[in-house]
$ cat target-v9.pdb   # PDB, C-alpha atoms
ATOM      1  CA  MET P   1     -19.747  -5.830  23.523
ATOM      2  CA  ASN P   2     -19.949  -4.001  20.199
ATOM      3  CA  ALA P   3     -19.648  -6.080  17.037
ATOM      4  CA  ALA P   4     -16.432  -5.672  15.070
ATOM      5  CA  ARG P   5     -16.611  -3.102  12.297
ATOM      6  CA  HIS P   6     -14.708  -2.717   9.041
ATOM      7  CA  LEU P   7     -12.978   0.637   8.504
ATOM      8  CA  LEU P   8     -12.134   1.576   4.910
ATOM      9  CA  VAL P   9      -9.631   4.386   4.379
ATOM     10  CA  ILE P  10      -9.787   5.312   0.692
ATOM     11  CA  MET P  11      -7.486   8.108  -0.400
ATOM     12  CA  PRO P  12      -5.920   9.452  -3.579
ATOM     13  CA  HIS P  13      -2.352   8.564  -2.599
ATOM     14  CA  THR P  14      -0.522   6.294  -0.190
ATOM     15  CA  GLY P  15       0.596   9.230   1.968
ATOM     16  CA  GLU P  16      -2.983  10.232   2.708
ATOM     17  CA  CYS P  17      -3.841   6.598   3.492
ATOM     18  CA  PHE P  18      -1.119   6.346   6.110
ATOM     19  CA  SER P  19      -1.880   9.779   7.530
ATOM     20  CA  CYS P  20      -4.783   7.903   9.151
ATOM     21  CA  SER P  21      -2.413   5.331  10.674
ATOM     22  CA  GLY P  22      -3.209   6.319  14.245
ATOM     23  CA  THR P  23      -6.948   6.010  13.751
ATOM     24  CA  VAL P  24      -6.521   2.702  11.913
ATOM     25  CA  ALA P  25      -4.384   1.318  14.748
ATOM     26  CA  LYS P  26      -6.984   2.390  17.312
ATOM     27  CA  HIS P  27      -9.668   0.483  15.405
ATOM     28  CA  THR P  28      -7.667  -2.695  14.901
ATOM     29  CA  ARG P  29      -6.573  -2.726  18.544
ATOM     30  CA  ALA P  30     -10.245  -2.631  19.471
ATOM     31  CA  GLY P  31     -10.892  -5.694  17.304
ATOM     32  CA  ASP P  32     -12.097  -3.963  14.140
ATOM     33  CA  ARG P  33     -10.923  -4.723  10.611
ATOM     34  CA  ALA P  34      -9.306  -2.036   8.476
ATOM     35  CA  THR P  35      -8.347  -1.701   4.822
ATOM     36  CA  LEU P  36      -6.344   1.112   3.243
ATOM     37  CA  VAL P  37      -6.958   1.756  -0.468
ATOM     38  CA  SER P  38      -4.862   4.136  -2.569
ATOM     39  CA  VAL P  39      -6.754   5.247  -5.675
ATOM     40  CA  CYS P  40      -3.991   6.857  -7.753
ATOM     41  CA  SER P  41      -0.992   4.902  -8.981
ATOM     42  CA  GLY P  42       2.517   6.120  -9.655
ATOM     43  CA  ALA P  43       3.190   3.072 -11.817
ATOM     44  CA  GLU P  44       2.869   5.053 -15.032
ATOM     45  CA  ARG P  45       6.031   7.018 -14.264
ATOM     46  CA  LEU P  46       7.806   5.341 -11.344
ATOM     47  CA  GLY P  47       7.926   1.729 -12.512
ATOM     48  CA  GLU P  48       9.883  -0.515 -10.150
ATOM     49  CA  ALA P  49      10.086   2.217  -7.505
ATOM     50  CA  TRP P  50       6.291   2.168  -7.320
ATOM     51  CA  GLU P  51       6.184  -1.624  -7.007
ATOM     52  CA  ARG P  52       8.681  -1.491  -4.137
ATOM     53  CA  HIS P  53       6.577   1.204  -2.495
ATOM     54  CA  VAL P  54       3.401  -0.879  -2.774
ATOM     55  CA  GLU P  55       5.159  -3.795  -1.069
ATOM     56  CA  GLY P  56       6.251  -1.395   1.669
ATOM     57  CA  CYS P  57       2.670  -0.191   2.051
ATOM     58  CA  ARG P  58       1.492  -3.759   2.529
ATOM     59  CA  ARG P  59       4.106  -4.229   5.239
ATOM     60  CA  GLY P  60       3.139  -0.917   6.846
ATOM     61  CA  ALA P  61      -0.538  -1.842   6.832
ATOM     62  CA  ALA P  62       0.307  -5.185   8.428
ATOM     63  CA  VAL P  63       2.083  -3.326  11.234
ATOM     64  CA  LEU P  64      -1.221  -1.539  11.880
ATOM     65  CA  GLY P  65      -3.167  -4.799  11.732
ATOM     66  CA  ALA P  66      -4.733  -3.740   8.429
ATOM     67  CA  GLU P  67      -4.618  -4.586   4.736
ATOM     68  CA  PHE P  68      -3.535  -2.389   1.819
ATOM     69  CA  GLU P  69      -4.685  -2.251  -1.790
ATOM     70  CA  ALA P  70      -3.481  -0.047  -4.644
ATOM     71  CA  LEU P  71      -5.790   0.731  -7.555
ATOM     72  CA  SER P  72      -4.413   1.493 -11.005
ATOM     73  CA  PHE P  73      -5.832   4.931 -11.793
ATOM     74  CA  PRO P  74      -3.218   7.397 -13.086
ATOM     75  CA  SER P  75      -2.196  10.351 -10.944
ATOM     76  CA  GLY P  76      -0.927  13.876 -11.505
ATOM     77  CA  GLY P  77      -4.206  15.415 -12.603
ATOM     78  CA  MET P  78      -5.138  12.545 -14.932
ATOM     79  CA  LEU P  79      -7.738  11.030 -12.594
ATOM     80  CA  GLU P  80     -11.197  11.735 -13.988
ATOM     81  CA  VAL P  81     -14.647  11.429 -12.456
ATOM     82  CA  THR P  82     -16.367   9.252 -15.040
ATOM     83  CA  TRP P  83     -18.981   6.518 -14.946
ATOM     84  CA  GLN P  84     -16.196   3.928 -15.280
ATOM     85  CA  THR P  85     -14.180   5.270 -12.343
ATOM     86  CA  LYS P  86     -17.290   5.622 -10.176
ATOM     87  CA  VAL P  87     -18.220   2.013 -10.927
ATOM     88  CA  ALA P  88     -14.691   0.855 -10.067
ATOM     89  CA  ILE P  89     -14.842   2.498  -6.622
ATOM     90  CA  ALA P  90     -18.403   1.245  -6.080
ATOM     91  CA  GLU P  91     -17.161  -2.272  -6.790
ATOM     92  CA  VAL P  92     -14.482  -1.843  -4.102
ATOM     93  CA  ILE P  93     -17.156  -0.774  -1.627
ATOM     94  CA  ARG P  94     -19.414  -3.706  -2.494
ATOM     95  CA  ARG P  95     -16.523  -6.175  -2.263
ATOM     96  CA  LEU P  96     -15.090  -4.928   1.036
ATOM     97  CA  ARG P  97     -18.481  -3.980   2.559
ATOM     98  CA  PRO P  98     -17.108  -1.494   5.111
ATOM     99  CA  ASP P  99     -19.104  -0.050   7.985
ATOM    100  CA  VAL P 100     -17.111   3.204   8.138
ATOM    101  CA  MET P 101     -15.227   5.117   5.432
ATOM    102  CA  ILE P 102     -12.676   7.932   5.635
ATOM    103  CA  THR P 103     -11.692   9.897   2.541
ATOM    104  CA  MET P 104     -10.446  13.314   1.435
ATOM    105  CA  PRO P 105     -12.479  16.506   1.788
ATOM    106  CA  ARG P 106     -13.314  18.316  -1.409
ATOM    107  CA  GLU P 107     -11.517  21.508  -0.443
ATOM    108  CA  SER P 108      -7.753  21.514  -0.807
ATOM    109  CA  MET P 109      -5.698  20.731   2.288
ATOM    110  CA  TYR P 110      -2.563  21.983   0.577
ATOM    111  CA  GLU P 111      -1.227  25.381  -0.387
ATOM    112  CA  GLN P 112      -1.149  24.117  -3.958
ATOM    113  CA  PRO P 113      -4.513  22.563  -4.955
ATOM    114  CA  HIS P 114      -4.302  18.948  -6.105
ATOM    115  CA  SER P 115      -6.865  17.732  -8.619
ATOM    116  CA  ASP P 116      -6.378  14.088  -7.570
ATOM    117  CA  HIS P 117      -7.723  15.000  -4.122
ATOM    118  CA  GLU P 118     -10.905  16.625  -5.369
ATOM    119  CA  ALA P 119     -11.474  13.853  -7.913
ATOM    120  CA  THR P 120     -11.082  11.157  -5.260
ATOM    121  CA  HIS P 121     -13.496  12.966  -2.946
ATOM    122  CA  LEU P 122     -16.116  13.099  -5.684
ATOM    123  CA  LEU P 123     -15.516   9.495  -6.745
ATOM    124  CA  VAL P 124     -15.960   8.160  -3.215
ATOM    125  CA  TYR P 125     -18.988  10.361  -2.612
ATOM    126  CA  TYR P 126     -20.765   9.246  -5.791
ATOM    127  CA  ALA P 127     -19.570   5.630  -5.627
ATOM    128  CA  ARG P 128     -20.933   5.285  -2.110
ATOM    129  CA  ASP P 129     -24.373   6.130  -3.438
ATOM    130  CA  LEU P 130     -23.939   3.901  -6.495
ATOM    131  CA  ALA P 131     -22.797   0.933  -4.385
ATOM    132  CA  ALA P 132     -26.027   1.159  -2.369
ATOM    133  CA  ARG P 133     -28.395   1.344  -5.310
ATOM    134  CA  ARG P 134     -30.197  -1.662  -6.744
ATOM    135  CA  ILE P 135     -28.097  -1.387  -9.872
ATOM    136  CA  GLU P 136     -26.384  -4.369 -11.464
ATOM    137  CA  LEU P 137     -22.618  -3.810 -11.643
ATOM    138  CA  PRO P 138     -20.129  -5.978 -13.571
ATOM    139  CA  SER P 139     -19.094  -7.982 -10.497
ATOM    140  CA  GLY P 140     -22.656  -8.974  -9.697
ATOM    141  CA  LEU P 141     -22.035  -8.230  -6.014
ATOM    142  CA  PRO P 142     -25.061  -7.153  -3.949
ATOM    143  CA  PRO P 143     -25.604  -3.500  -2.934
ATOM    144  CA  HIS P 144     -23.964  -2.149   0.200
ATOM    145  CA  PHE P 145     -24.567   1.168   1.958
ATOM    146  CA  VAL P 146     -21.941   2.840   4.158
ATOM    147  CA  ASN P 147     -23.775   5.119   6.550
ATOM    148  CA  ASP P 148     -20.711   6.499   8.352
ATOM    149  CA  LEU P 149     -18.613   8.649   6.027
ATOM    150  CA  TYR P 150     -15.853  10.881   7.396
ATOM    151  CA  PHE P 151     -13.482  13.370   5.809
ATOM    152  CA  LEU P 152     -10.059  14.474   7.001
ATOM    153  CA  GLY P 153     -10.461  17.564   9.157
ATOM    154  CA  ASP P 154      -8.303  20.659   9.584
ATOM    155  CA  GLY P 155      -8.840  21.361  13.267
ATOM    156  CA  SER P 156     -11.851  23.605  12.739
ATOM    157  CA  PRO P 157     -14.559  23.903  15.431
ATOM    158  CA  GLY P 158     -16.844  20.919  15.215
ATOM    159  CA  ASP P 159     -14.162  18.508  14.009
ATOM    160  CA  ILE P 160     -13.940  15.138  15.728
ATOM    161  CA  PHE P 161     -10.539  14.558  17.323
ATOM    162  CA  VAL P 162      -9.047  11.128  17.889
ATOM    163  CA  ASP P 163      -6.398  10.712  20.578
ATOM    164  CA  VAL P 164      -3.715   8.583  18.916
ATOM    165  CA  GLY P 165      -1.003   9.099  21.478
ATOM    166  CA  ASP P 166      -1.084   5.485  22.650
ATOM    167  CA  VAL P 167      -0.387   4.026  19.188
ATOM    168  CA  GLN P 168       2.464   6.257  18.083
ATOM    169  CA  GLU P 169       5.019   3.451  18.076
ATOM    170  CA  LEU P 170       2.871   1.521  15.598
ATOM    171  CA  VAL P 171       2.450   4.657  13.500
ATOM    172  CA  ARG P 172       6.212   5.195  13.426
ATOM    173  CA  GLU P 173       6.862   1.575  12.421
ATOM    174  CA  ALA P 174       4.251   1.777   9.670
ATOM    175  CA  TRP P 175       5.776   4.946   8.178
ATOM    176  CA  GLU P 176       9.231   3.385   8.293
ATOM    177  CA  ALA P 177       7.932   0.324   6.464
ATOM    178  CA  ILE P 178       6.403   2.279   3.581
ATOM    179  CA  SER P 179       9.604   4.312   2.977
ATOM    180  CA  TYR P 180       7.555   7.292   1.875
ATOM    181  CA  GLY P 181      10.599   9.516   1.679
ATOM    182  CA  ASP P 182      12.081   7.254  -0.987
ATOM    183  CA  LEU P 183       8.910   7.577  -3.061
ATOM    184  CA  LEU P 184       8.953  11.372  -2.740
ATOM    185  CA  ALA P 185      12.575  11.427  -3.846
ATOM    186  CA  SER P 186      11.579   9.452  -6.953
ATOM    187  CA  SER P 187       8.431  11.365  -7.828
ATOM    188  CA  HIS P 188       9.214  14.892  -6.597
ATOM    189  CA  GLY P 189      12.896  15.298  -7.228
ATOM    190  CA  ALA P 190      12.633  19.081  -7.048
ATOM    191  CA  LEU P 191      10.978  19.017  -3.619
ATOM    192  CA  PRO P 192      13.549  18.711  -0.805
ATOM    193  CA  LEU P 193      12.672  15.999   1.675
ATOM    194  CA  GLY P 194      11.224  17.418   4.848
ATOM    195  CA  VAL P 195       9.510  20.278   3.014
ATOM    196  CA  SER P 196       5.726  20.216   3.250
ATOM    197  CA  LEU P 197       3.162  21.927   1.071
ATOM    198  CA  LYS P 198       0.468  21.477   3.704
ATOM    199  CA  ARG P 199      -1.211  24.506   5.194
ATOM    200  CA  PRO P 200       0.945  25.560   8.161
ATOM    201  CA  VAL P 201      -1.498  27.340  10.497
ATOM    202  CA  VAL P 202      -5.058  26.057  10.616
ATOM    203  CA  TYR P 203      -4.343  22.588   9.249
ATOM    204  CA  GLN P 204      -1.535  21.817  11.688
ATOM    205  CA  ARG P 205      -3.088  23.518  14.712
ATOM    206  CA  ARG P 206      -3.865  20.123  16.245
ATOM    207  CA  VAL P 207      -0.211  19.025  16.417
ATOM    208  CA  GLY P 208       0.384  20.710  19.772
ATOM    209  CA  PRO P 209       2.661  23.412  21.161
ATOM    210  CA  ASP P 210       5.872  21.634  20.230
ATOM    211  CA  ARG P 211       4.593  21.068  16.661
ATOM    212  CA  ALA P 212       5.154  17.332  17.039
ATOM    213  CA  VAL P 213       3.516  14.989  14.561
ATOM    214  CA  GLU P 214       1.752  12.743  17.095
ATOM    215  CA  ALA P 215      -1.755  14.027  16.389
ATOM    216  CA  PHE P 216      -1.187  14.998  12.763
ATOM    217  CA  ARG P 217      -4.467  14.614  10.859
ATOM    218  CA  ALA P 218      -6.082  12.776  13.753
ATOM    219  CA  CYS P 219      -9.206  14.843  13.255
ATOM    220  CA  TYR P 220     -12.176  14.353  11.002
ATOM    221  CA  TYR P 221     -15.607  15.662  10.276
ATOM    222  CA  ARG P 222     -18.634  13.558   9.575
ATOM    223  CA  GLU P 223     -21.085  13.971   6.788
ATOM    224  CA  LYS P 224     -24.654  14.087   8.001
ATOM    225  CA  THR P 225     -26.338  11.128   6.371
ATOM    226  CA  LEU P 226     -29.659   9.379   6.216
ATOM    227  CA  ASP P 227     -29.974   5.990   7.855
ATOM    228  CA  LEU P 228     -31.016   4.595   4.493
ATOM    229  CA  LEU P 229     -30.879   5.914   0.976
ATOM    230  CA  PRO P 230     -34.258   6.697  -0.557
ATOM    231  CA  ALA P 231     -35.520   4.089  -2.989
TER     232      ALA P 231
END

$ encode --input "target-v9.pdb" --output "structure tokens"
Amino acid sequence: MNAARHLLVIMPHTGECFSCSGTVAKHTRAGDRATLVSVCSGAERLGEAWERHVEGCRRGAAVLGAEFEALSFPSGGMLEVTWQTKVAIAEVIRRLRPDVMITMPRESMYEQPHSDHEATHLLVYYARDLAARRIELPSGLPPHFVNDLYFLGDGSPGDIFVDVGDVQELVREAWEAISYGDLLASSHGALPLGVSLKRPVVYQRRVGPDRAVEAFRACYYREKTLDLLPA
């Protein structure tokens, strides 16, 4: 029997975190641990609506058998890749000590590029290396290396597909709990609910002939890594 693993989903926003709901549910059903971490906060402009959303995210994560954390970095293009932000993410990695991580790819998955996505990709990529180095960080926690790093895929050849059909009820319950539509209404008042900026052809190819959402984003690609970082 394989030992339980810890899956860390670390994304710029809560929506990207819960886009991995199916994969998270598959892991927790198999006995693994899972934690969802949203890097960017809407607290700077949403106030109480953001706090209600965070509580919903905790409930949604619990439905999946996972935990949820929200970091306090600002969003809307204000997230910067600095030494301080890299250290903050490295501290999360050292504290949670995951075996597997999923994060955003560097290239945009939207018709309109989003700087928070690229910044989060770079932060996770660099922080993963920093967390593994023999460098003293403020927390004093020991180094930790995550060998398995995955990025959200777009259905391209070579992507790894995860069949999440058997956990769709959990996925639905989780999305209902987080009330994501309410957050969009608060933060994107000019964007009608139900309208997506995501790429319609390649990115959603995996959803099937009826364009259902069951397998939405249930594909990833893995970075080729060394077993150990060089000294």

$ residues_near_point --input "target-v9.pdb" --point "(-20.6, -6.4, -0.8)" --cutoff "12 Å" --atoms "only C-alpha atoms" --output "list in words"
Ala90, Glu91, Val92, Ile93, Arg94, Arg95, Leu96, Arg97, Pro98, Asp99, Arg128, Ala131, Ala132, Arg133, Leu137, Ser139, Gly140, Leu141, Pro142, Pro143, His144, Phe145 and Val146 of chain P

$ closest_residue --input "target-v9.pdb" --among "P:Val9, P:Cys40, P:Val167, P:Cys17" --to "P:Gly76" --atoms "all atoms listed in the file"
P:Cys40

$ closest_residue --input "target-v9.pdb" --among "P:Ala34, P:Ala119, P:His53, P:Glu48" --to "P:Pro74" --atoms "only C-alpha atoms"
P:Ala119

$ residues_around --input "target-v9.pdb" --residues "P:Glu44" --least-positions-apart "2" --cutoff "12 Å" --atoms "all atoms listed in the file" --output "list in words"
Cys40, Ser41, Gly42, Leu46, Gly47, Glu48, Ala49, Trp50, Glu51, Ser72, Phe73, Pro74, Ser75, Gly76, Met78 and Ser187 of chain P

$ resolve_selection --input "target-v9.pdb" --expression "the PyMOL selection byres ((chain P and resi 220) around 6)" --output "PDB file with C-alpha atoms, keeping the file's coordinate frame"
ATOM      1  CA  PHE P 151     -13.482  13.370   5.809  1.00  0.00           C
ATOM      2  CA  LEU P 152     -10.059  14.474   7.001  1.00  0.00           C
ATOM      3  CA  GLY P 153     -10.461  17.564   9.157  1.00  0.00           C
ATOM      4  CA  ASP P 159     -14.162  18.508  14.009  1.00  0.00           C
ATOM      5  CA  ILE P 160     -13.940  15.138  15.728  1.00  0.00           C
ATOM      6  CA  CYS P 219      -9.206  14.843  13.255  1.00  0.00           C
ATOM      7  CA  TYR P 221     -15.607  15.662  10.276  1.00  0.00           C
TER       8      TYR P 221
END

$ resolve_selection --input "target-v9.pdb" --expression "the PyMOL selection byres ((chain P and resi 32) around 9)" --output "list in words"
Ala3, Ala4, Arg5, His6, Leu7, Val24, Lys26, His27, Thr28, Arg29, Ala30, Gly31, Arg33 and Ala34 of chain P

$ atom_distance --input "target-v9.pdb" --atom1 "atom CA of P:Tyr125" --atom2 "atom CA of P:Glu55"
28.0 Å

$ closest_residue --input "target-v9.pdb" --among "P:Asp148, P:Glu118, P:Val87, P:Met11" --to "P:Phe68" --atoms "all atoms listed in the file"
P:Met11

$ atom_distance --input "target-v9.pdb" --atom1 "atom CA of P:Thr103" --atom2 "atom CA of P:Phe18"
11.7 Å

$ residues_around --input "target-v9.pdb" --residues "P:Ala62" --least-positions-apart "3" --cutoff "12 Å" --atoms "all atoms listed in the file" --output "MDAnalysis selection string"
chainID P and resid 18 21 24:25 28 33:36 55:59 65:69 170:171 173:175 177:178

$ decode --input "target-v9.pdb" --residues "stretch 95-132 of chain P" --atoms "N, CA and C atoms" --output "short mmCIF file (atom, residue, chain, number, x, y, z; two decimals), in the first residue's frame"
data_model
loop_
_atom_site.label_atom_id
_atom_site.label_comp_id
_atom_site.auth_asym_id
_atom_site.auth_seq_id
_atom_site.Cartn_x
_atom_site.Cartn_y
_atom_site.Cartn_z
N ARG P 95 6.35 24.79 5.73
CA ARG P 95 5.40 24.49 6.80
C ARG P 95 4.49 23.33 6.45
N LEU P 96 3.97 23.31 5.22
CA LEU P 96 3.03 22.26 4.83
C LEU P 96 3.73 20.99 4.36
N ARG P 97 4.96 21.12 3.84
CA ARG P 97 5.78 19.99 3.42
C ARG P 97 5.02 19.04 2.48
N PRO P 98 4.52 19.56 1.37
CA PRO P 98 3.77 18.72 0.43
C PRO P 98 4.69 17.78 -0.35
N ASP P 99 4.08 16.71 -0.86
CA ASP P 99 4.79 15.79 -1.74
C ASP P 99 4.57 16.14 -3.20
N VAL P 100 3.41 16.74 -3.50
CA VAL P 100 3.03 17.10 -4.87
C VAL P 100 2.46 18.51 -4.84
N MET P 101 2.81 19.32 -5.86
CA MET P 101 2.23 20.66 -5.99
C MET P 101 1.62 20.83 -7.37
N ILE P 102 0.52 21.57 -7.42
CA ILE P 102 -0.09 22.00 -8.68
C ILE P 102 -0.20 23.51 -8.64
N THR P 103 0.22 24.17 -9.72
CA THR P 103 0.09 25.62 -9.79
C THR P 103 -0.22 26.04 -11.23
N MET P 104 -0.22 27.34 -11.47
CA MET P 104 -0.54 27.88 -12.79
C MET P 104 0.63 27.73 -13.75
N PRO P 105 0.36 27.57 -15.03
CA PRO P 105 1.43 27.66 -16.03
C PRO P 105 1.79 29.12 -16.22
N ARG P 106 2.94 29.35 -16.82
CA ARG P 106 3.36 30.74 -17.02
C ARG P 106 2.55 31.41 -18.14
N GLU P 107 2.25 30.64 -19.19
CA GLU P 107 1.51 31.23 -20.29
C GLU P 107 0.06 31.46 -19.88
N SER P 108 -0.56 32.46 -20.46
CA SER P 108 -1.92 32.81 -20.09
C SER P 108 -2.90 31.73 -20.53
N MET P 109 -3.86 31.41 -19.68
CA MET P 109 -4.92 30.47 -20.03
C MET P 109 -6.21 31.23 -20.34
N TYR P 110 -6.09 32.52 -20.47
CA TYR P 110 -7.25 33.37 -20.71
C TYR P 110 -7.04 34.19 -21.98
N GLU P 111 -8.13 34.66 -22.56
CA GLU P 111 -8.02 35.52 -23.72
C GLU P 111 -7.37 36.85 -23.34
N GLN P 112 -7.62 37.29 -22.11
CA GLN P 112 -6.98 38.50 -21.61
C GLN P 112 -5.91 38.09 -20.60
N PRO P 113 -4.64 38.32 -20.89
CA PRO P 113 -3.56 37.91 -19.97
C PRO P 113 -3.78 38.49 -18.58
N HIS P 114 -3.40 37.74 -17.57
CA HIS P 114 -3.57 38.15 -16.18
C HIS P 114 -2.23 38.09 -15.49
N SER P 115 -1.73 39.25 -15.05
CA SER P 115 -0.39 39.30 -14.47
C SER P 115 -0.30 38.53 -13.16
N ASP P 116 -1.42 38.41 -12.42
CA ASP P 116 -1.39 37.62 -11.18
C ASP P 116 -1.02 36.17 -11.46
N HIS P 117 -1.46 35.65 -12.62
CA HIS P 117 -1.20 34.25 -12.96
C HIS P 117 0.28 34.03 -13.23
N GLU P 118 0.87 34.89 -14.03
CA GLU P 118 2.29 34.74 -14.33
C GLU P 118 3.13 34.94 -13.08
N ALA P 119 2.76 35.93 -12.26
CA ALA P 119 3.52 36.19 -11.04
C ALA P 119 3.46 35.00 -10.09
N THR P 120 2.27 34.40 -9.95
CA THR P 120 2.14 33.25 -9.07
C THR P 120 2.97 32.07 -9.57
N HIS P 121 2.94 31.85 -10.89
CA HIS P 121 3.75 30.78 -11.47
C HIS P 121 5.22 30.97 -11.10
N LEU P 122 5.73 32.18 -11.29
CA LEU P 122 7.13 32.44 -11.01
C LEU P 122 7.42 32.32 -9.52
N LEU P 123 6.52 32.81 -8.68
CA LEU P 123 6.73 32.73 -7.24
C LEU P 123 6.82 31.28 -6.77
N VAL P 124 5.90 30.44 -7.24
CA VAL P 124 5.92 29.04 -6.83
C VAL P 124 7.17 28.35 -7.35
N TYR P 125 7.53 28.65 -8.59
CA TYR P 125 8.69 28.03 -9.21
C TYR P 125 9.97 28.36 -8.44
N TYR P 126 10.15 29.65 -8.12
CA TYR P 126 11.35 30.07 -7.40
C TYR P 126 11.30 29.66 -5.93
N ALA P 127 10.11 29.75 -5.32
CA ALA P 127 9.98 29.43 -3.90
C ALA P 127 10.22 27.95 -3.65
N ARG P 128 9.84 27.12 -4.60
CA ARG P 128 10.10 25.69 -4.48
C ARG P 128 11.59 25.42 -4.36
N ASP P 129 12.38 26.11 -5.15
CA ASP P 129 13.82 25.97 -5.08
C ASP P 129 14.36 26.54 -3.77
N LEU P 130 13.85 27.71 -3.39
CA LEU P 130 14.30 28.36 -2.16
C LEU P 130 13.98 27.51 -0.94
N ALA P 131 12.79 26.91 -0.91
CA ALA P 131 12.38 26.09 0.24
C ALA P 131 13.29 24.89 0.43
N ALA P 132 13.93 24.43 -0.66
CA ALA P 132 14.78 23.24 -0.59
C ALA P 132 16.22 23.56 -0.25
#
